[in-house]
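A.B. asks: Supplied structure: entry_6.txt, compact mmCIF, C-alpha atoms and all ligand atoms.
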```txt
# COMPACT_ATOMS: atom_id res chain seq x y z
CA MET Y 1 50.95 -11.10 -15.93
CA SER Y 2 53.10 -10.95 -19.07
CA GLY Y 3 54.33 -13.87 -21.21
CA THR Y 4 57.76 -13.50 -19.64
CA THR Y 5 56.41 -15.13 -16.46
CA ARG Y 6 56.61 -18.52 -18.27
CA ALA Y 7 60.14 -19.03 -16.98
CA ALA Y 8 59.51 -17.14 -13.75
CA THR Y 9 60.17 -18.70 -10.40
CA VAL Y 10 57.55 -19.42 -7.77
CA ALA Y 11 58.92 -16.49 -5.74
CA ALA Y 12 58.65 -14.01 -8.63
CA ILE Y 13 55.11 -15.06 -9.49
CA ILE Y 14 53.98 -14.83 -5.87
CA SER Y 15 55.59 -11.44 -5.44
CA GLU Y 16 53.93 -10.01 -8.57
CA ALA Y 17 50.54 -11.48 -7.63
CA ALA Y 18 50.78 -10.13 -4.07
CA GLU Y 19 51.46 -6.68 -5.48
CA ARG Y 20 48.39 -6.85 -7.74
CA LEU Y 21 46.21 -8.11 -4.88
CA ARG Y 22 47.47 -5.30 -2.64
CA ALA Y 23 46.65 -2.77 -5.36
CA ALA Y 24 43.12 -4.24 -5.51
CA SER Y 25 42.78 -3.66 -1.71
CA VAL Y 26 42.83 -7.36 -0.84
CA ALA Y 27 43.89 -7.74 2.79
CA ASP Y 28 46.53 -10.43 3.49
CA ALA Y 29 47.74 -10.12 -0.11
CA ARG Y 30 50.92 -12.18 0.34
CA PRO Y 31 49.38 -15.22 2.11
CA GLU Y 32 46.47 -15.11 -0.34
CA ALA Y 33 48.92 -15.12 -3.29
CA ASP Y 34 50.63 -18.18 -1.75
CA LEU Y 35 47.32 -19.99 -1.29
CA LEU Y 36 46.08 -19.16 -4.80
CA LEU Y 37 49.28 -20.43 -6.37
CA ALA Y 38 49.30 -23.54 -4.17
CA HIS Y 39 45.71 -24.21 -5.29
CA ALA Y 40 46.58 -23.73 -8.97
CA ALA Y 41 49.64 -25.99 -8.60
CA GLY Y 42 47.63 -28.67 -6.78
CA THR Y 43 49.84 -28.50 -3.71
CA ASP Y 44 49.82 -26.86 -0.29
CA ARG Y 45 51.40 -23.67 0.97
CA ALA Y 46 54.22 -25.45 2.86
CA HIS Y 47 55.37 -27.32 -0.27
CA LEU Y 48 55.16 -24.16 -2.35
CA VAL Y 49 57.25 -22.15 0.09
CA ALA Y 50 59.87 -24.94 0.03
CA ARG Y 51 60.38 -24.49 -3.73
CA LEU Y 52 60.44 -20.70 -4.09
CA LYS Y 53 63.41 -20.77 -6.49
CA ASP Y 54 61.87 -23.33 -8.88
CA PRO Y 55 60.43 -22.34 -12.26
CA LEU Y 56 56.74 -23.07 -12.86
CA GLU Y 57 55.19 -25.02 -15.73
CA ALA Y 58 53.13 -23.12 -18.30
CA ALA Y 59 49.98 -25.08 -17.41
CA THR Y 60 50.31 -24.10 -13.75
CA ILE Y 61 50.87 -20.47 -14.68
CA GLY Y 62 47.73 -20.57 -16.85
CA ALA Y 63 45.65 -22.05 -14.03
CA PHE Y 64 47.10 -19.48 -11.63
CA ARG Y 65 46.20 -16.59 -13.96
CA ARG Y 66 42.58 -17.73 -13.94
CA THR Y 67 42.38 -18.05 -10.15
CA LEU Y 68 44.16 -14.72 -9.64
CA ALA Y 69 41.68 -12.98 -11.98
CA ARG Y 70 38.80 -14.31 -9.89
CA ARG Y 71 40.38 -13.05 -6.66
CA LEU Y 72 41.17 -9.66 -8.24
CA ALA Y 73 37.42 -9.48 -9.03
CA HIS Y 74 36.93 -9.93 -5.23
CA GLU Y 75 35.54 -13.44 -5.24
CA PRO Y 76 36.24 -14.87 -1.75
CA LEU Y 77 39.36 -17.02 -1.54
CA ALA Y 78 37.38 -19.91 -0.02
CA TYR Y 79 35.02 -20.01 -3.02
CA ILE Y 80 38.01 -20.20 -5.38
CA THR Y 81 39.91 -22.87 -3.46
CA GLY Y 82 36.66 -24.60 -2.43
CA HIS Y 83 37.47 -24.93 1.24
CA ARG Y 84 38.46 -23.17 4.47
CA GLU Y 85 39.75 -24.30 7.85
CA PHE Y 86 37.26 -23.83 10.71
CA TYR Y 87 37.91 -24.96 14.29
CA GLY Y 88 40.62 -27.36 13.12
CA ILE Y 89 38.54 -29.08 10.44
CA ASP Y 90 38.43 -28.58 6.69
CA ILE Y 91 35.08 -27.18 5.52
CA LEU Y 92 34.06 -27.35 1.85
CA CYS Y 93 32.88 -23.91 0.75
CA GLY Y 94 30.85 -22.60 -2.17
CA PRO Y 95 28.52 -19.76 -3.17
CA ALA Y 96 25.48 -21.58 -1.72
CA ALA Y 97 26.56 -20.73 1.82
CA LEU Y 98 28.44 -18.18 3.89
CA VAL Y 99 32.18 -18.81 4.30
CA PRO Y 100 32.53 -19.78 7.99
CA ARG Y 101 34.10 -16.96 10.03
CA PRO Y 102 36.68 -17.24 12.84
CA GLU Y 103 34.37 -15.32 15.22
CA SER Y 104 31.79 -18.13 14.94
CA GLU Y 105 34.32 -20.47 16.58
CA LEU Y 106 33.14 -18.89 19.85
CA LEU Y 107 29.82 -20.74 19.42
CA VAL Y 108 31.75 -24.01 19.03
CA ASP Y 109 33.77 -23.26 22.21
CA LEU Y 110 30.53 -22.68 24.12
CA ALA Y 111 28.88 -25.80 22.74
CA LEU Y 112 31.89 -27.99 23.55
CA ALA Y 113 32.05 -26.58 27.09
CA GLU Y 114 28.36 -27.44 27.49
CA VAL Y 115 28.91 -31.01 26.26
CA ARG Y 116 31.88 -31.40 28.65
CA ALA Y 117 29.78 -30.14 31.56
CA ARG Y 118 26.57 -32.07 30.82
CA GLY Y 119 27.56 -35.09 28.70
CA ALA Y 120 27.35 -36.07 25.02
CA ALA Y 121 23.72 -37.18 25.21
CA LEU Y 122 22.56 -33.56 24.97
CA ARG Y 123 19.98 -32.79 22.28
CA ILE Y 124 21.82 -30.19 20.17
CA ALA Y 125 20.70 -28.04 17.21
CA ASP Y 126 22.72 -25.76 14.92
CA VAL Y 127 20.13 -23.42 13.40
CA GLY Y 128 21.02 -21.68 10.13
CA THR Y 129 23.79 -24.22 9.59
CA GLY Y 130 24.88 -22.96 6.13
CA SER Y 131 27.91 -25.07 5.14
CA GLY Y 132 27.38 -27.11 8.31
CA ALA Y 133 30.62 -25.73 9.79
CA ILE Y 134 29.41 -25.25 13.38
CA ALA Y 135 27.48 -28.54 13.55
CA CYS Y 136 30.43 -30.46 12.07
CA ALA Y 137 32.98 -28.79 14.36
CA VAL Y 138 30.91 -29.63 17.45
CA ALA Y 139 30.40 -33.24 16.37
CA ALA Y 140 34.03 -33.66 15.29
CA HIS Y 141 35.35 -32.44 18.65
CA ALA Y 142 32.72 -34.03 20.91
CA PRO Y 143 32.82 -37.78 20.28
CA GLY Y 144 29.39 -39.28 20.84
CA ALA Y 145 27.48 -36.00 20.45
CA ARG Y 146 24.66 -35.76 17.87
CA VAL Y 147 23.68 -32.48 16.23
CA CYS Y 148 20.60 -31.49 14.19
CA ALA Y 149 21.73 -29.05 11.49
CA VAL Y 150 18.88 -26.94 10.10
CA ASP Y 151 18.65 -24.34 7.36
CA VAL Y 152 15.94 -22.84 5.10
CA SER Y 153 18.20 -22.93 2.05
CA SER Y 154 18.21 -26.23 0.16
CA ALA Y 155 21.39 -25.19 -1.68
CA ALA Y 156 23.18 -24.59 1.64
CA LEU Y 157 21.90 -27.91 2.96
CA ALA Y 158 23.36 -29.75 -0.05
CA LEU Y 159 26.77 -28.27 0.85
CA ALA Y 160 26.26 -29.12 4.54
CA ARG Y 161 25.54 -32.75 3.55
CA ARG Y 162 28.76 -32.86 1.51
CA ASN Y 163 30.69 -31.61 4.56
CA VAL Y 164 29.06 -34.14 6.88
CA GLU Y 165 29.97 -36.93 4.49
CA ALA Y 166 33.53 -35.69 3.81
CA LEU Y 167 34.20 -35.49 7.54
CA GLY Y 168 32.72 -38.94 8.23
CA LEU Y 169 30.06 -37.50 10.55
CA GLY Y 170 27.09 -39.11 8.80
CA GLY Y 171 25.79 -40.91 11.87
CA ARG Y 172 26.02 -37.88 14.15
CA VAL Y 173 25.03 -34.76 12.20
CA ASP Y 174 21.45 -34.88 10.87
CA VAL Y 175 20.90 -32.27 8.16
CA GLY Y 176 17.34 -31.08 7.54
CA GLN Y 177 15.34 -28.22 6.09
CA GLY Y 178 13.35 -26.00 8.41
CA ASP Y 179 12.42 -22.48 9.42
CA LEU Y 180 14.37 -21.79 12.62
CA LEU Y 181 13.24 -24.21 15.37
CA GLY Y 182 9.98 -25.03 13.54
CA GLY Y 183 10.50 -28.74 12.85
CA LEU Y 184 12.47 -29.53 16.01
CA GLY Y 185 11.38 -30.94 19.38
CA ALA Y 186 12.88 -30.43 22.83
CA LEU Y 187 16.51 -29.33 22.88
CA ASP Y 188 19.22 -28.94 25.54
CA LEU Y 189 21.53 -26.77 23.46
CA VAL Y 190 20.78 -24.45 20.56
CA VAL Y 191 23.61 -22.69 18.72
CA ALA Y 192 22.82 -20.34 15.86
CA ASN Y 193 24.68 -17.98 13.60
CA LEU Y 194 21.72 -16.56 11.68
CA PRO Y 195 21.59 -13.47 9.44
CA TYR Y 196 22.14 -10.30 11.51
CA VAL Y 197 23.02 -7.58 9.00
CA SER Y 198 20.55 -4.79 8.25
CA ALA Y 199 19.57 -4.03 4.65
CA SER Y 200 21.43 -0.70 4.76
CA GLU Y 201 24.57 -2.22 6.33
CA TRP Y 202 24.58 -4.87 3.59
CA ARG Y 203 24.92 -2.20 0.88
CA GLY Y 204 28.14 -0.97 2.54
CA LEU Y 205 29.78 -4.38 3.00
CA GLN Y 206 33.04 -5.25 1.23
CA PRO Y 207 32.52 -6.67 -2.29
CA GLU Y 208 33.73 -10.14 -1.25
CA VAL Y 209 30.69 -10.38 1.02
CA ARG Y 210 28.03 -8.23 -0.69
CA ASP Y 211 28.64 -9.40 -4.26
CA PHE Y 212 29.39 -13.09 -3.69
CA GLU Y 213 27.93 -14.46 -0.45
CA PRO Y 214 24.18 -15.28 -0.39
CA ARG Y 215 22.15 -12.24 0.65
CA GLY Y 216 19.74 -14.53 2.52
CA ALA Y 217 22.61 -15.71 4.72
CA LEU Y 218 23.43 -12.14 5.75
CA VAL Y 219 20.43 -9.81 5.76
CA ALA Y 220 17.82 -10.19 8.49
CA GLY Y 221 15.65 -7.16 7.70
CA PRO Y 222 15.64 -3.38 8.16
CA ALA Y 223 17.10 -3.56 11.70
CA GLY Y 224 19.31 -6.66 11.37
CA SER Y 225 18.05 -8.23 14.62
CA GLU Y 226 14.77 -9.61 13.20
CA VAL Y 227 15.74 -13.25 12.60
CA ASN Y 228 17.42 -13.64 16.01
CA ALA Y 229 14.38 -11.99 17.65
CA ARG Y 230 12.09 -14.53 15.96
CA LEU Y 231 14.29 -17.42 17.10
CA ILE Y 232 14.21 -16.16 20.70
CA ALA Y 233 10.40 -15.95 20.53
CA GLN Y 234 10.21 -19.60 19.37
CA ALA Y 235 12.78 -20.91 21.83
CA PRO Y 236 10.73 -21.21 25.06
CA ALA Y 237 8.66 -23.99 23.43
CA HIS Y 238 11.85 -25.97 22.64
CA LEU Y 239 14.53 -25.26 25.23
CA ALA Y 240 14.47 -27.91 27.97
CA PRO Y 241 14.92 -26.94 31.65
CA GLY Y 242 18.56 -26.01 32.22
CA GLY Y 243 19.07 -25.73 28.45
CA LEU Y 244 21.31 -23.18 26.75
CA LEU Y 245 20.63 -20.93 23.76
CA ALA Y 246 23.78 -19.36 22.23
CA LEU Y 247 23.17 -16.87 19.43
CA GLU Y 248 25.78 -15.01 17.41
CA ILE Y 249 24.52 -11.42 17.20
CA GLY Y 250 25.34 -8.12 15.55
CA ASP Y 251 27.54 -5.94 17.76
CA THR Y 252 24.80 -3.31 18.20
CA HIS Y 253 22.00 -5.80 19.02
CA ALA Y 254 22.91 -6.90 22.55
CA ALA Y 255 20.52 -4.55 24.38
CA VAL Y 256 17.48 -5.12 22.18
CA LEU Y 257 17.91 -8.91 22.01
CA SER Y 258 18.66 -9.22 25.76
CA GLY Y 259 15.40 -7.36 26.42
CA ILE Y 260 13.47 -9.67 24.10
CA ALA Y 261 15.08 -12.72 25.74
CA ARG Y 262 14.16 -11.52 29.25
CA GLY Y 263 10.58 -11.02 28.07
CA HIS Y 264 10.29 -14.54 26.66
CA PHE Y 265 12.33 -16.27 29.37
CA PRO Y 266 11.33 -14.84 32.75
CA GLY Y 267 13.64 -16.41 35.33
CA ALA Y 268 16.31 -17.38 32.81
CA SER Y 269 19.85 -16.07 32.99
CA VAL Y 270 20.63 -13.78 30.04
CA SER Y 271 24.18 -12.60 29.28
CA VAL Y 272 26.35 -11.35 26.43
CA ILE Y 273 29.88 -12.47 25.52
CA LYS Y 274 32.35 -10.31 23.60
CA ASP Y 275 34.53 -11.57 20.74
CA LEU Y 276 38.33 -11.18 20.64
CA GLY Y 277 37.86 -7.75 19.06
CA GLY Y 278 35.90 -6.59 22.13
CA HIS Y 279 32.54 -6.51 20.29
CA ASP Y 280 29.32 -7.94 21.75
CA ARG Y 281 29.06 -11.21 19.80
CA VAL Y 282 27.08 -13.96 21.53
CA LEU Y 283 23.81 -13.78 23.46
CA LEU Y 284 23.45 -16.57 26.00
CA VAL Y 285 20.12 -17.59 27.51
CA ARG Y 286 20.25 -20.27 30.20
CA GLN Y 287 16.77 -21.69 30.76
CA GLU Y 288 15.66 -22.13 34.39
CA ARG Y 289 16.11 -25.58 35.84
CA GLU Y 290 12.94 -27.26 37.05
CA ALA Y 291 12.17 -26.57 40.70
CA GLY Y 292 13.02 -29.41 43.08
C1 LIG E 1 25.15 -16.10 8.64
S1 LIG E 1 24.81 -17.60 7.74
C2 LIG E 1 25.68 -18.71 8.84
C3 LIG E 1 25.98 -20.05 8.30
C4 LIG E 1 26.76 -20.94 9.27
N1 LIG E 1 26.03 -21.14 10.51
C5 LIG E 1 28.11 -20.36 9.58
O1 LIG E 1 28.31 -19.87 10.72
O2 LIG E 1 28.99 -20.36 8.72
C6 LIG E 1 23.10 -17.79 8.18
C7 LIG E 1 22.39 -19.04 7.67
O3 LIG E 1 21.05 -19.01 8.20
C8 LIG E 1 20.16 -19.48 7.22
N2 LIG E 1 18.81 -18.97 7.53
C9 LIG E 1 18.30 -17.73 7.27
N3 LIG E 1 17.03 -17.66 7.73
C10 LIG E 1 16.75 -18.86 8.29
C11 LIG E 1 15.58 -19.40 8.92
N4 LIG E 1 14.48 -18.68 9.07
N5 LIG E 1 15.62 -20.68 9.37
C12 LIG E 1 16.76 -21.44 9.21
N6 LIG E 1 17.89 -20.98 8.61
C13 LIG E 1 17.88 -19.71 8.16
C14 LIG E 1 20.74 -18.97 5.90
O4 LIG E 1 20.27 -19.72 4.81
C15 LIG E 1 22.24 -19.13 6.16
O5 LIG E 1 22.70 -20.38 5.70
```
Any chance you could put this one into C-alpha cells?

C.D. replies:
Amino acid sequence: MSGTTRAATVAAIISEAAERLRAASVADARPEADLLLAHAAGTDRAHLVARLKDPLEAATIGAFRRTLARRLAHEPLAYITGHREFYGIDILCGPAALVPRPESELLVDLALAEVRARGAALRIADVGTGSGAIACAVAAHAPGARVCAVDVSSAALALARRNVEALGLGGRVDVGQGDLLGGLGALDLVVANLPYVSASEWRGLQPEVRDFEPRGALVAGPAGSEVNARLIAQAPAHLAPGGLLALEIGDTHAAVLSGIARGHFPGASVSVIKDLGGHDRVLLVRQEREAG
C-alpha cells in the first residue's frame, strides 16, 4: 500500500486489500479484508462497515499493513486475529492447534443429540481436542454435561485450557494429556476429530494448512486412516453398553474404517454420515446394549 493511503477511507483501504488478497488466491478476499481491518482497528466488522466513508488514522493503517502482509503470506486468518467462531462460541486460536473447521460442527450436533436423548450425566470424551473447540461447544450447549478433553500435544492443551477458562467452563471440561483413550475409563460418548490426512495428501494441501497448522494435527501416516484405526481398536475396552463413538474421517476412509469397526465391535451398529458437501465425514459406532 502506498503512503497516499494515509488519508484513505475505510472503503478504499478495504477495496485495495481485497484486490491484493484476491491476487494472492485467498478465497473470500473481501470478507477477509474487512476482518483484518476490523482486527487492526480494534473493532468488529459491523462497526467497520458502518463507517466506510471515514478516513483511518496512520497508526491503524500501520497495524493493518502488518496484518495484511501476514495474510498475503498465507498465514490463516484465525491465527492473525487470534480467534474463530465455532458452533456459536468464540474459540481462541493459535499455531499450537488446528483452526476448528465448520465440518467438525457435525460432531457437536451428534453429541448434543446424544445428550438430549440420554441425559447430561453421560461420560463424554473429546479425543484429539486441539483448541478444545468440540469439547467446549458440547459443554457450552449442554448445561450440566461434563467432557474430558484429551490430546497428546501439550502446546494444544495449553490453548484448550485457555479456551475452557475464557468460556467459563472450568468445572465441566477437564483437559488432560493422553494417547487416544489410554488414560480414560468407561465412556458413554466418544467424539474425535483426529488426524486423517495421508503424508502425500499433506504435501498438496493449501499453504494456509500445510505451512502453518501443526503437522501432527493433520497427518496420520502413509494411508491417513491410521490414527482413527488405532482409536477404534482401543474403543471396545472403553465404550459402555449402548455407548456411541463418533469419529470424523477422511472422505475416502469410510469403507476401511467401517470394516475395522465391525471387526472390533461384533454386534454393534456401524454407519457413516455425510457432510453438507456430500462427502463421507463421520463414522458412527453404536455399542450393543447389554442383554436383558
Ligand atoms: C485434526 S486436529 C483436531 C483438533 C480439534 N479436535 C478440532 O476439531 O479442531 C487433531 C488433534 O489430535 C491430536 N492427536 C494426534 N494424535 C493423537 C493421539 N494419539 N492421542 C490424542 N490426541 C492426538 C493432535 O495433537 C491434534 O490436536

A.B. asks: Centre and edge lengths, as lines of an AutoDock Vina configuration file, for the axis-aligned box enclosing every listed atom of ligand LIG 1 (chain E) with 6 Å of padding on each of the six sides, in Å to one decimal?

C.D. replies:
```
center_x = 21.7
center_y = -18.8
center_z = 7.8
size_x = 26.5
size_y = 17.3
size_z = 17.9
```

A.B. asks: Within 8 Å of Y:Gly144, counting all atoms listed in the file, which residues qualify if same-chain residues fewer than 2 places away don't, as number ranges by chain?

C.D. replies: Y: 120-121, 139, 142, 146, 172

A.B. asks: 9 Å from ligand LIG 1 (chain E) is the threshold here; counting only C-alpha atoms and all ligand atoms, which polymer residues fall inside it? Answer as an NGL selection string.

C.D. replies: :Y and (96-101 or 103-105 or 107 or 126-135 or 150-157 or 177-182 or 191-197 or 214-220 or 227 or 230-231 or 248)

A.B. asks: For Y:Val256, which of Y:Gly94, Y:Ala229, Y:Val190, Y:Gly168 is the closest residue, counting all atoms listed in the file?

C.D. replies: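 Going through Y:Gly94, Y:Ala229, Y:Val190, Y:Gly168 one by one, the smallest distance to Y:Val256 is for Y:Ala229.
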
A.B. asks: List the spatial neighbours of stretch 242-246 of chain Y as a PyMOL selection string - criterion: any atom at most 8 Å away, only C-alpha atoms, same-chain residues fewer than 2 positions off excluded.

C.D. replies: chain Y and resi 107+110+187-192+239-240+248+282-290

A.B. asks: Name the closest residue to Y:Gly185 among the candidates Y:Val209, Y:Ala63, Y:Ala125, Y:Ala69; distances are taken between atoms, counting only C-alpha atoms.

C.D. replies: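 Closest residue, counting only C-alpha atoms: Y:Ala125.
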
A.B. asks: Identify which of the residues Y:Glu57, Y:Gly176, Y:Leu247, Y:Arg71 lies closest to Y:Arg22, counting only C-alpha atoms when measuring atom-to-atom distances.

C.D. replies: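 Using only C-alpha atoms, Y:Arg22 sits closest to Y:Arg71.
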
A.B. asks: When you count all atoms listed in the file, which of these residues is closest to Y:Thr9: Y:Gln234, Y:Ser25, Y:Thr60, Y:Ser225?

C.D. replies: Y:Thr60

A.B. asks: Can you work out the spacing between atom CA of Y:Ser271 and atom CA of Y:Ala223 in Å, to one decimal?

C.D. replies: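 We find that atom CA of Y:Ser271 and atom CA of Y:Ala223 lie 21.0 Å from each other.
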
A.B. asks: In Å, how far is it from atom CA of Y:Ala18 to atom CA of Y:Glu32?

C.D. replies: 7.6 Å

A.B. asks: Closest to Y:Gly88 among Y:Ala140, Y:Ala50, Y:Ala186, Y:Ala58, using all atoms listed in the file?

C.D. replies: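 When distances to Y:Gly88 are compared using all atoms listed in the file, the smallest one comes from Y:Ala140.
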
A.B. asks: By how many Å are atom CA of Y:Gly221 and atom CA of Y:Ala235 apart?

C.D. replies: 19.9 Å
